[in-house]
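I have placed the structure first, in the form of structure tokens, so that the comments after it can refer back to it.
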Amino acid sequence: MSPTPTTSAEGQRRIVKLPTVTIRFAGDSGDGMQLAGTQFTDTSALVGNDISTFPDFPAEIRAPAGTLAGVSGYQIQFSSQDIYTPGDDVDALVAMNPAALKTNLKALRKGGVLIVNEDAFTATDLKKAGYDVSPLLDSSLAGYRLIKVPINRLNEEAVKESGLSAKQVDRCKNFFALGLVYWLYSRPLEPTLQYIQQKFGKKAPAVALANSLALKAGYHYGEICELFHEQYQVDKAKLPPGTYRKITGNEAVSLGLVAAAHLAGKDLFYASYPITPASDILHNLSELKNYRVVTFQAEDEIAAMGAAVGAAFGGAMSCTGTSGPGVALKQEAIGLAVMAELPVVIVNVQRGGPSTGLPTKTEQADLLQAVVGRNGECPAPVIAPVSPPDCFNAAVEAFRIAVRYMTPVFVLSDGYIANGSEPWLIPDVAKMPPIPATHPTQANDPSGFMPYKRNEDLCRPWAIPGTPGLEHRIGGLEKAENTGQVSYDGINHERMVQLRAAKIAAVKPAGDPYLWTGPQRGDVLMVGWGGTYGAIKAATLQLREQGYQVSACQIRYLNPLPEDLGPLFSQFKHVLVAELNLGQLRMLLRSRFLLDLKGFNRVKGQPFTIAELVAAARSLISNKSEPQYQAHDPEAEAPLAAGG
Amino acid sequence: MSSAINPLPQLKPTDFASNQDIKWCPGCGDYSIIAQTRKVLAKLGVNKANTVFVSGIGCSSRFPYYMATYGFHSIHGRAPTIATGLKLARPDLDVWIVTGDGDALSIGGNHFLHLIRRNLDVKILLFNNRIYGLTKGQYSPTSEQGKKTKSSPMGSPEHPIRPISIAIGAEATFAARALDMDPKYLEYVLERAAKHKGTAFVEIYQNCNIFNDGAYNYAVDKETRADTTLNLEHGKPLIFGKNRDKGIRLNGITPEVVSLKDVRQDDLLIHDEKASDPTLAFMLSRLQYPEMPEPLGVFRAVEDAQYQELVHGQIKEAVARRGKGDLQKLITGSETWTVA
């Protein structure tokens, strides 16, 4: 968003009010950029801005220091208005070393603030980043407001009294940089000072002291040095009234799973095998044992899924979480849950594929895997949350559907919303309807208990072991209708295949089936699903401001698809399905509604920018042609960080 | 066994039979195993409703269909995973796993190891017939090297693995072996397994009369069994033979067969199933026909913390320390701001 400053003279320096700012911290993996970014986000949220964040880091834990592969970045947009993405172009970039500058400079808008740690621009590090000549010495940075700060030296000086080793002192420099940026954007230091005290105060008082000193020194440096002629301010956002917190998608999924179990009056069972970017869900839930959450770190992905199925058989609210490669391993056991008709939730935090792919980068290429990726006719409902806070809703909805329809349910999150954060209007738990999860204690038929006798939703009863008189056997072999005995009869098989399909086809959404922006008629409808909601919505609003007849539809329920999409789509001259894959939703929509849909597809491991979506819609209106998938064009893109 | 809080009517073995016709081949060793299992459950007075048989894929894995308890016939190799989830969610249930040499040791090898090392309180019955029966006769991970089968016409080039060695290597707290054709002894071993607290692993030599008939003749044959097998007894010297005139002695660290004519009984190896060190149990698991008699009975039976108790103990401890979680508090978190 381009800033429209309102200026007022206050003291010696101008305070410039900006509606929206996007900044990015970039440095070596070990430089603490994620922490600096998170702290800036927390503080901005607490002062009342709308926020949206995008952490971007390599797959290597510590790639060789100073290399392009080791650069880690954290982008945050904060605003006095409603925002939907972490921002396209960056207004201010903090580059802690030459590699960070090299990989991130393209994201900085012309005229943007560029703070560099000039101490890191040594011959060795310049060479590692592939610079022949230091960019600080030639004219290559002339288009930016370059601010060279000797962060190493200033930090060292500031932290001296803490008595820490040189190595430990060096590790404080992210707080120095953060302090400087706090000053530049008129943020209070208290929330971060409190954080430092809580985190290190008792365990390592010297570290707490050093980090606090570094933070304050950075702030004061901004105040006293003559490098900045102005200071910026971003006012509170006018969000709907209520109490807010900041939340990432993985945090929201975790809380949603716990909430669902409480709403059902049951314990949560979460089985998982560590995998990026889903591991944080396991970490979060492991901390919640006093909420009666049983976590099981399984020996592999298959075991996690099998355990989830076993726990569901026992009557628990059962879930597994993973990413695409993990789902590939779980599919046979998911098929078992379809056959055995047991309620279980599968959270897939999608990342770049195929195979190991891009572990730390986002993508949406597991849609077909969820919808049709198992052997046999094996349907399962699929829900895709659209934002970090929406991951909470999706988790609760997934359990509502799983339990009501006795079926596995997929939640398709992605690396972008899983790690990104936004403000969340905290829900009132007391107002959330309970999840009815009951188990029969009596036979459902005069001739005895029929484990596969169906109700009006075509669902079988959730009879659990320990119930006298209802002893029965289930399994992966085809079941005879009603009795659930093994049956190899072809006619029965066809009937059961159709019953399972009809059951899922009739699943009623437990939340918004889609989110709509704009009028229900126009030139272009941009259709998306999952985590691209913010970018698509922001692009749509921008296009409407420019006078284009553009609307947007973000689909949350991907299986079964909402019935009314067909008629809605036909009210637009063009329907553009924008996805971070090569057209998986488009394929499903085309086959479901027999409509000519265009695609806008990117698989660069990065979320959509608003600008590219705006351009795609405009080109569709002007050329009436489908935007083509573009091959890799290093000049046209602005990578956040190398590596992965 | 954590059954019968309220006194229940004493069940007969037939009360544990489901209404399904058994479809194993006539003459299959599985018939004897299911009969002894039903007998043991009846004898121990277990609660049918609290008992669950979980299986994978293979002939043996049809077992749950024939039991009048709860049952889950799952997917190939994954019974331990289903059982783990079930037992963790429902520690009150008695969970049994029925598996075969292919199911447990080939496709499910990983789960088998981890189930045992965690010492989850479940019982594993591994029907070892040293062949793939349900897929009609390929060699299995326990088939002897050189075995000619449909998939190894020139003889299997693979070394077999020994289930009890694997189990003890995975820190099994209970490992035992029995024969399908020795019902009394099988019943004894199953009863010991049922009473064990923790993972109880039982390898059952089972005859596949269609694809690998007579694989265990040496151990079953009344003429030879006294010389080819050795019944383990806790605290007793390892003596075997038709005339109980042979024993096993340690020569350095190598067990050797000796004649009691030459060697005093005191010099023989004494079986100690309760030894905290698993070395003796492992050594016994290496004894193989024809070089040595094959031990039957309980190799190891030691007490250790059970997985489901540790997991639920942590939950109890967390509730005691931090109080029962308040969902609204959790969702609200520690840092909030209010928009008026």
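Just so we're on the same page: first chain in the structure tokens is A, next is B, and so on; residues restart at 1 for each chain, and ligands are numbered from 1 in the order they show up.
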- Task: Write out as a PyMOL selection string which residues come within 6 Å of region 167-178 of chain B when counting only C-alpha atoms, dropping same-chain ones fewer than 5 positions away.
- Result: chain B and resi 113+116-117+186+200-204+296-302
Practice item. Identify every residue of chain A that has at least one atom within 8 Å of any atom of chain B, counting only C-alpha atoms, and report the result as a PyMOL selection string. Key: chain A and resi 45-48+238-246+255+258-259+262+269+288-294+299+302-316+332-333+336+426-429+465-476
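Between CA of Ser79 (chain A) and CA of Ala36 (chain A) the interatomic distance comes to 18.4 Å.
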Exercise for review: Compile the contact shell of Ser29 (chain A) as an MDAnalysis selection string: residues with an atom at most 8 Å away, counting only C-alpha atoms, same-chain residues fewer than 4 positions apart removed.
Suggested key: chainID A and resid 33 57:58 61:63 65 70:72
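Closest approach to Tyr205 (chain B) from the set B:Leu310, B:Leu11, B:Ile124, B:Met181 is made by B:Met181, with distances taken over only C-alpha atoms.
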